[in-house]
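Chemist: Pasting in a structure now, in structure tokens, and then I'll have a few things to ask.
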Amino acid sequence: MPHSVPVDTERLRCEHPIADVVGSYGIELRRVGPALVGRCPFHEDRGRPNLHVYSRSSRWICYRCESAATSSASSSKWTI
Ligand SMILES: [Zn+2]
């Protein structure tokens with residue numbers, strides 16, 4: 001049985017503002033353990049997605065190109 005869990009976007013909007021910021025850029029996120037994972041917009045993210053969003057600590061990081069920010073910095077960083 002697959003472990004994929006459908007993303008409840010309305011719930012994310014209420015509980016996870018940083019996920020909302022990331023999602024507003026059209027990046028599809030799915031939950032993997034404690035993180036929400038999606039494709040990084042700052043490098044050519046093919047294959048396995050590298051962008052990890054940690055809503056509890058309000059930060060995100062790309063483990064490939066090492067882009068990172070907290071939610072307070074994210075709005076400027078995401079204007080690409
Ligand atoms: Zn990246």
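In the structure tokens, chains take the letters A, B, ... in the order shown, each chain's residues start at 1, and ligands count up from 1 in the order shown.
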Please find the residues contacting ligand 1 at a distance of at most 6 Å between atoms, with only C-alpha atoms and all ligand atoms counted, and report them as number ranges by chain.

Modeler: A: 40, 42-43, 62, 64-65, 67

Chemist: Neighbours of Ile61 of chain A within 10 Å (only C-alpha atoms; same-chain residues fewer than 3 positions away dropped), as a short mmCIF file (atom, residue, chain, number, x, y, z; two decimals) with N, CA and C atoms, in the first residue's frame?

Modeler:
data_model
loop_
_atom_site.label_atom_id
_atom_site.label_comp_id
_atom_site.auth_asym_id
_atom_site.auth_seq_id
_atom_site.Cartn_x
_atom_site.Cartn_y
_atom_site.Cartn_z
N VAL A 37 8.18 18.20 0.81
CA VAL A 37 9.22 18.15 -0.21
C VAL A 37 8.67 18.51 -1.57
N CYS A 40 12.92 22.34 -6.29
CA CYS A 40 13.54 23.63 -6.03
C CYS A 40 13.47 24.52 -7.27
N ASN A 50 14.47 18.23 -4.21
CA ASN A 50 15.46 18.56 -3.19
C ASN A 50 15.02 19.64 -2.21
N LEU A 51 13.93 20.30 -2.50
CA LEU A 51 13.48 21.39 -1.63
C LEU A 51 12.69 20.81 -0.46
N HIS A 52 13.18 21.09 0.75
CA HIS A 52 12.50 20.60 1.95
C HIS A 52 11.97 21.78 2.75
N VAL A 53 10.69 21.75 3.06
CA VAL A 53 10.06 22.81 3.83
C VAL A 53 9.71 22.25 5.20
N TYR A 54 10.23 22.93 6.23
CA TYR A 54 9.95 22.52 7.60
C TYR A 54 9.01 23.53 8.23
N ARG A 64 20.35 20.54 -2.51
CA ARG A 64 21.19 20.45 -3.70
C ARG A 64 21.98 21.74 -3.91
N CYS A 65 21.26 22.86 -3.97
CA CYS A 65 21.95 24.12 -4.25
C CYS A 65 22.11 24.96 -2.98
N GLU A 66 21.60 24.45 -1.86
CA GLU A 66 21.78 25.07 -0.55
C GLU A 66 21.13 26.43 -0.42
N SER A 67 20.10 26.68 -1.22
CA SER A 67 19.26 27.85 -0.97
C SER A 67 18.50 27.59 0.32
N ALA A 68 18.36 28.60 1.14
CA ALA A 68 17.65 28.41 2.39
C ALA A 68 17.11 29.74 2.88
N ALA A 69 16.08 29.67 3.70
CA ALA A 69 15.55 30.88 4.30
C ALA A 69 14.59 30.51 5.41
N THR A 70 14.35 31.47 6.27
CA THR A 70 13.27 31.35 7.23
C THR A 70 12.04 32.02 6.62
#

Chemist: Go ahead and compute the interatomic distance for atom CA of Pro41 of chain A and atom CA of Arg56 of chain A, in Å to one decimal.

Modeler: 21.7 Å
